[in-house]
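Everything on this sheet refers to the single structure shown next.
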Amino acid sequence: MTDAVKFLDKNTARLITSNQVIQGPYNIVKELVENALDAGATAIDIRLENYGLDKVTVKDNAKGISLSDVSVMCKPGYSSKIKEFSDLESLRTYGFRGEALASICCISDVSITTKTEEDPVATTYKFNSDGEIVDKSPSHLNQGTLICVQNIYHHQPARRRILLSAKATANTQGFSKTGTISKIKSYLGALGVAWPFVRIFFVHGGSLVWKKQSVPIAAGEPIKTALGEVLGHNLVSNYKVIKSELDEWGSITAVLPTKVGVVNETCQSTKSALILIINKRVVRHKKIEDVLMERFRFRFPSIGKNRYPACVLDLKVNQEDLDVNLEPDKSKFMMRSAKEDQLLEAIQTMIDKFYDEEVPNEVNEVVEPPANKRQKISDQETAISSVSDSQEEPAEKSSPAATFKLEFFVPETPEVPETPVQPSPFTLSEPSSEDEMEDTLKDNSLLSTPKLPEDIEDFVFSEEDEAALLELEKLVNQSDSPVTEEPKEAEAPMEVNQADWSRGHVPGSSGNFIEGCQLLVQPKAQQPKIPKAKVQNDRRLSLSASPCTQMGQNNLRAFNMFCKETRPKLLKDRPNMGLCEVAPLLARLWKDLPDEEKEKFGQMAQEYKLSKLNNSSVSNVYRYVSVFPGTTIS
Ligand code: ADP
Ligand code: MG
């Protein structure tokens, strides 16, 4: 007898199981949002700080929680959703295990503010790691619940470190900082399609990542309108909704693309583009995905390997034929095999019938290219677009969501640079009180363009500086590597196939191919090392222009200061000079400037920044101006 098998103490055992249920901030958000929906929410507000590792709050306008339930709701094994195992056969809710809140309490600090219809005021409860109430105070909240989770994994620095440092690569899918945000956004988007009438706000670090308005009740096809909130209404106007019944045991609703152009435009490298919903649950199911992709590839042979077009399959089946109790996050399901076969066959038949009979002539049509793409297409190429879409329904007015449609399904596999997430052009100021948070939910007018820290604002490039930078780069490149002109080939008649065209691979008017957006980043070894904190502050710069990354931040600031100082003088001396001419001139002057002068502009920029930070007078930063030959201060 070795006596090696020991009873694990309660805390160790709980921590182990909790870590399995809550693998990262994504699971916290998923569990809290699903609880809100189970409670009948029609508006859900999700906020994250530091990628969810410092704070996650989820607020809903559902029924609230009564005092008697609050005292047990965070204890393991307590659920209001089922009473016995057989209830799983008629489950109508996401939750049933009664372990999410208990697990979250175990790994973080939890407080819950809630108010039911009967409560005169809201109450905030604080919980310990055993899910017991340790503090209680009156609070301010309309009917509903706000759950605040802080200091996630504070007892497990190793996991925190891993989550903070992991890159969004294949083996850490969704468990990295950036992976977390894209995974949550992707999940909320799919959930938003499953719940068209629910309004969802997702904010990270004070910036709105994604929002979905509630679809108007009168909207004809709510699921399609909801998909429009995710992909953009323009794109979704090229989708159609089809329905099919399953011999009294279920139904299939699909939202499918009708044109090859849309298929190519919405294709992503992750299966999350295929939104699969079963009984309102967002799930993954390999066999269904395989059938879908097989039919898509048959119709649209241009779909590349490991590419998935955006579409929706919304399944409703008898709950008794379904088992969702497979994965800790209930993202997979099992079906009785006879029913599963029927379902797969029905999906295949439905899709084939749709493309054969309902839109037989449309599948090969391309879609109108987005405006910016079209601007660059020559006359010859516009002839191609003019053959398409002649009978198309008028496109719906584009919503803000359309502006980040391509970011929605962020690939899980490729590496995402560890830059701060700033996918939306909007910013929400973090509400300091419940009142403000309430207002945020009510009033979209709070959305505003991002406000950068003052010191950065002054160093953001004007369009003209951008032009000067590009000019400068051209000059530098010319002098570094003299361009030898390639003999021009005889112009061949242009042949463009639809797949290439839809990807933008079309010879432009200049004869060059119109390429997708490229980041001009130097090889790693040559890149200036920028401390992490600085990258955070300089995000506008890093987002604004590729030359920034090539010049180096300090050089860039120096050049920007030089432009700021020199441009007015140039324009004063040469009043007839156009802005287009100023930019190359500035670039040339900068290039010819001795290194020590450049350095001085760098110091000026630095001092200027510091003076702004210290809120002191900016006048002293001009003291170096006179070093630039011929420049005087007026
Ligand atoms: P489960 O969802 O499996 O029941 P949870 O730990 O997620 O387990 O939640 C425990 C209970 O807390 C739920 O059964 C529900 O009664 C209550 N609850 C949790 N979140 C909310 C909410 N936002 N609104 C109302 N009740 C809630
Ligand atoms: Mg739950």
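If you're wondering about the labels, chains in the structure tokens are A, B, ... by order shown, residues count from 1 in each chain, ligands from 1 in order shown.
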Handout entry: At most 6 Å from ligand 1 (only C-alpha atoms and all ligand atoms): residue list as a list in words
Key =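 Those residues are Asn35, Ala36, Ala39, Gly64, Ile65, Met73, Cys74, Ser79, Ser80, Lys81, Gly95, Phe96, Arg97, Gly98, Glu99, Ala100, Leu101, Ala102 and Thr145 of chain A.
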Handout entry: Residue neighbourhood Ser337 of chain A, 12 Å, only C-alpha atoms, exclusion window fewer than 4 positions, as a ChimeraX atom specification
Key = /A:287,321-323,333,341-344
Practice task
Fewer than 5 positions away in the same chain doesn't count, so skip those; otherwise give me all residues within 8 Å of Val215 of chain A, counting only C-alpha atoms, as number ranges by chain.
Solution key: A: 196-198, 222, 225-226
Problem - Exercise: Arg92 of chain A partners within 10 Å, only C-alpha atoms, chain neighbours under 4 positions left out, as a VMD selection string - result: chain A and resid 38 81 to 82 87 to 88 96 279 to 280 319
Could those residues be written to a file, using C-alpha atoms, as a PDB file, in the first residue's frame?
```
ATOM      1  CA  ASP A  38     -32.297  33.233 -19.981  1.00  0.00           C
ATOM      2  CA  LYS A  81     -33.415  26.263 -14.746  1.00  0.00           C
ATOM      3  CA  ILE A  82     -33.845  22.551 -14.200  1.00  0.00           C
ATOM      4  CA  ASP A  87     -35.682  18.270 -17.594  1.00  0.00           C
ATOM      5  CA  LEU A  88     -32.834  18.502 -20.085  1.00  0.00           C
ATOM      6  CA  PHE A  96     -28.707  24.198 -16.545  1.00  0.00           C
ATOM      7  CA  ASN A 279     -32.644  26.079 -30.662  1.00  0.00           C
ATOM      8  CA  LYS A 280     -31.189  29.594 -30.222  1.00  0.00           C
ATOM      9  CA  GLN A 319     -35.143  19.397 -27.587  1.00  0.00           C
TER      10      GLN A 319
END
```
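Distance annotation: of A:Ser214, A:Ser68, A:Thr2, A:Thr124, the residue with the minimal separation from Thr42 of chain A is A:Ser214; atom set is only C-alpha atoms.
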Practice task
Determine, counting only C-alpha atoms, which protein, DNA and RNA residues have an atom within 12 Å of an atom of Glu248 of chain A; residues of the same chain fewer than 4 positions away are not included. Present the result as number ranges by chain.
Solution key: A: 244, 252, 316-318, 339
For the selection you just gave me, I'd like the residues written to a file as a PDB file, in the first residue's frame, keeping all heavy atoms.
```
ATOM      1  N   SER A 244     -37.396  25.548 -44.488  1.00  0.00           N
ATOM      2  CA  SER A 244     -37.806  24.190 -44.821  1.00  0.00           C
ATOM      3  C   SER A 244     -38.270  23.491 -43.538  1.00  0.00           C
ATOM      4  O   SER A 244     -37.703  23.708 -42.468  1.00  0.00           O
ATOM      5  CB  SER A 244     -36.602  23.476 -45.436  1.00  0.00           C
ATOM      6  OG  SER A 244     -36.924  22.153 -45.705  1.00  0.00           O
ATOM      7  N   ILE A 252     -35.778  24.355 -40.636  1.00  0.00           N
ATOM      8  CA  ILE A 252     -34.475  24.958 -40.965  1.00  0.00           C
ATOM      9  C   ILE A 252     -34.743  26.312 -41.611  1.00  0.00           C
ATOM     10  O   ILE A 252     -35.541  26.411 -42.543  1.00  0.00           O
ATOM     11  CB  ILE A 252     -33.694  24.120 -41.995  1.00  0.00           C
ATOM     12  CG1 ILE A 252     -33.632  22.647 -41.562  1.00  0.00           C
ATOM     13  CG2 ILE A 252     -32.312  24.678 -42.230  1.00  0.00           C
ATOM     14  CD1 ILE A 252     -33.056  21.728 -42.650  1.00  0.00           C
ATOM     15  N   LYS A 316     -34.338  24.609 -35.727  1.00  0.00           N
ATOM     16  CA  LYS A 316     -35.206  24.419 -34.558  1.00  0.00           C
ATOM     17  C   LYS A 316     -35.600  22.955 -34.554  1.00  0.00           C
ATOM     18  O   LYS A 316     -36.177  22.464 -35.534  1.00  0.00           O
ATOM     19  CB  LYS A 316     -36.443  25.305 -34.655  1.00  0.00           C
ATOM     20  CG  LYS A 316     -36.087  26.774 -34.724  1.00  0.00           C
ATOM     21  CD  LYS A 316     -37.067  27.646 -33.968  1.00  0.00           C
ATOM     22  CE  LYS A 316     -36.513  29.032 -33.737  1.00  0.00           C
ATOM     23  NZ  LYS A 316     -35.942  29.700 -34.903  1.00  0.00           N
ATOM     24  N   VAL A 317     -35.252  22.257 -33.503  1.00  0.00           N
ATOM     25  CA  VAL A 317     -35.584  20.827 -33.429  1.00  0.00           C
ATOM     26  C   VAL A 317     -36.154  20.522 -32.052  1.00  0.00           C
ATOM     27  O   VAL A 317     -35.984  21.309 -31.104  1.00  0.00           O
ATOM     28  CB  VAL A 317     -34.334  19.934 -33.680  1.00  0.00           C
ATOM     29  CG1 VAL A 317     -33.731  20.192 -35.040  1.00  0.00           C
ATOM     30  CG2 VAL A 317     -33.289  20.128 -32.600  1.00  0.00           C
ATOM     31  N   ASN A 318     -36.809  19.371 -31.955  1.00  0.00           N
ATOM     32  CA  ASN A 318     -37.300  18.961 -30.637  1.00  0.00           C
ATOM     33  C   ASN A 318     -36.120  18.827 -29.683  1.00  0.00           C
ATOM     34  O   ASN A 318     -35.132  18.173 -30.009  1.00  0.00           O
ATOM     35  CB  ASN A 318     -37.989  17.594 -30.730  1.00  0.00           C
ATOM     36  CG  ASN A 318     -39.370  17.731 -31.332  1.00  0.00           C
ATOM     37  OD1 ASN A 318     -39.939  18.829 -31.361  1.00  0.00           O
ATOM     38  ND2 ASN A 318     -39.899  16.628 -31.822  1.00  0.00           N
ATOM     39  N   LYS A 339     -32.038  11.105 -36.794  1.00  0.00           N
ATOM     40  CA  LYS A 339     -32.470  12.495 -36.978  1.00  0.00           C
ATOM     41  C   LYS A 339     -31.337  13.316 -37.606  1.00  0.00           C
ATOM     42  O   LYS A 339     -31.571  14.172 -38.447  1.00  0.00           O
ATOM     43  CB  LYS A 339     -32.874  13.106 -35.621  1.00  0.00           C
ATOM     44  CG  LYS A 339     -34.155  12.533 -35.044  1.00  0.00           C
ATOM     45  CD  LYS A 339     -35.366  13.203 -35.696  1.00  0.00           C
ATOM     46  CE  LYS A 339     -36.676  12.488 -35.445  1.00  0.00           C
ATOM     47  NZ  LYS A 339     -37.209  12.577 -34.130  1.00  0.00           N
TER      48      LYS A 339
END
```
Problem - Point-to-point distance from atom CA of Ser331 of chain A to atom CA of Leu231 of chain A, Å rounded to tenths - result: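 So the answer is 22.3 Å.
Taking atom CA of Val149 of chain A and atom CA of Thr270 of chain A as the two end points, the separation is 29.5 Å.
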Practice task
Report the distance between atom CA of Leu313 of chain A and atom CA of Leu274 of chain A in Å, rounded to one decimal place.
Solution key: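 Rounded to one decimal, the two atoms are 7.7 Å apart.
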Exercise for the section: Could you find all residues in segment 194-303 of chain A that DSSP calls alpha helix (DSSP H) from the backbone, and write them as an MDAnalysis selection string? Expected result: chainID A and resid 194 222:231 233:236 260:266 286:299
Handout entry: For segment 51-61 of chain A: contacts at 6 Å, only C-alpha atoms, fewer than 2 positions along chain excluded, given as a list in words
Key = Pro25, Ala36, Ala41, Ala43, Ile44, Asp45, Ile46, Arg47, Leu48, Glu49, Gln143, Gly144, Thr145, Leu146, Ile147, Cys148, Val149, Gln150, Asn151, Ile152 and Lys177 of chain A
Got time to write the residues from that selection, C-alpha atoms, as a PDB file, in the first residue's frame?
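selection-v6.pdb written:
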```pdb
ATOM      1  CA  PRO A  25     -12.676  36.236 -20.223  1.00  0.00           C
ATOM      2  CA  ALA A  36     -29.138  37.583 -19.168  1.00  0.00           C
ATOM      3  CA  ALA A  41     -33.175  40.543 -21.419  1.00  0.00           C
ATOM      4  CA  ALA A  43     -30.797  44.918 -24.005  1.00  0.00           C
ATOM      5  CA  ILE A  44     -27.364  43.721 -22.949  1.00  0.00           C
ATOM      6  CA  ASP A  45     -24.331  45.872 -22.355  1.00  0.00           C
ATOM      7  CA  ILE A  46     -20.923  44.183 -22.169  1.00  0.00           C
ATOM      8  CA  ARG A  47     -17.849  46.064 -21.055  1.00  0.00           C
ATOM      9  CA  LEU A  48     -14.281  44.852 -20.746  1.00  0.00           C
ATOM     10  CA  GLU A  49     -11.184  46.417 -19.271  1.00  0.00           C
ATOM     11  CA  GLN A 143     -34.941  46.726 -13.231  1.00  0.00           C
ATOM     12  CA  GLY A 144     -32.363  44.167 -14.309  1.00  0.00           C
ATOM     13  CA  THR A 145     -28.971  42.906 -13.267  1.00  0.00           C
ATOM     14  CA  LEU A 146     -25.423  44.135 -13.508  1.00  0.00           C
ATOM     15  CA  ILE A 147     -22.716  41.597 -12.814  1.00  0.00           C
ATOM     16  CA  CYS A 148     -19.223  42.943 -12.288  1.00  0.00           C
ATOM     17  CA  VAL A 149     -16.267  40.563 -12.389  1.00  0.00           C
ATOM     18  CA  GLN A 150     -12.885  41.950 -11.387  1.00  0.00           C
ATOM     19  CA  ASN A 151      -9.305  40.795 -10.912  1.00  0.00           C
ATOM     20  CA  ILE A 152      -9.767  37.684 -12.937  1.00  0.00           C
ATOM     21  CA  LYS A 177      -5.753  39.301 -25.554  1.00  0.00           C
TER      22      LYS A 177
END
```
Handout entry: Using only C-alpha atoms and all ligand atoms: which of A:Lys591, A:Lys600, A:Lys224, A:Lys330 has the shortest distance to ligand 2
Key =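 That would be A:Lys330, the residue with the smallest distance to ligand 2.
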Problem - Selection: 8 Å around segment 555-558 of chain A, only C-alpha atoms, excl. self and same-chain fewer than 5 positions, as a PyMOL selection string - result: chain A and resi 459+548+598-606
Please produce a file of those selected residues containing C-alpha atoms, as a PDB file, in the first residue's frame.
```
ATOM      1  CA  PHE A 459       1.425  64.701 -33.631  1.00  0.00           C
ATOM      2  CA  CYS A 548       5.204  55.748 -39.770  1.00  0.00           C
ATOM      3  CA  LYS A 598      16.902  66.818 -37.541  1.00  0.00           C
ATOM      4  CA  GLU A 599      17.847  65.860 -34.029  1.00  0.00           C
ATOM      5  CA  LYS A 600      16.945  69.317 -32.818  1.00  0.00           C
ATOM      6  CA  PHE A 601      13.518  69.031 -34.339  1.00  0.00           C
ATOM      7  CA  GLY A 602      13.263  65.722 -32.551  1.00  0.00           C
ATOM      8  CA  GLN A 603      14.067  67.426 -29.261  1.00  0.00           C
ATOM      9  CA  MET A 604      11.553  70.137 -30.021  1.00  0.00           C
ATOM     10  CA  ALA A 605       8.903  67.536 -30.620  1.00  0.00           C
ATOM     11  CA  GLN A 606       9.795  65.783 -27.395  1.00  0.00           C
TER      12      GLN A 606
END
```
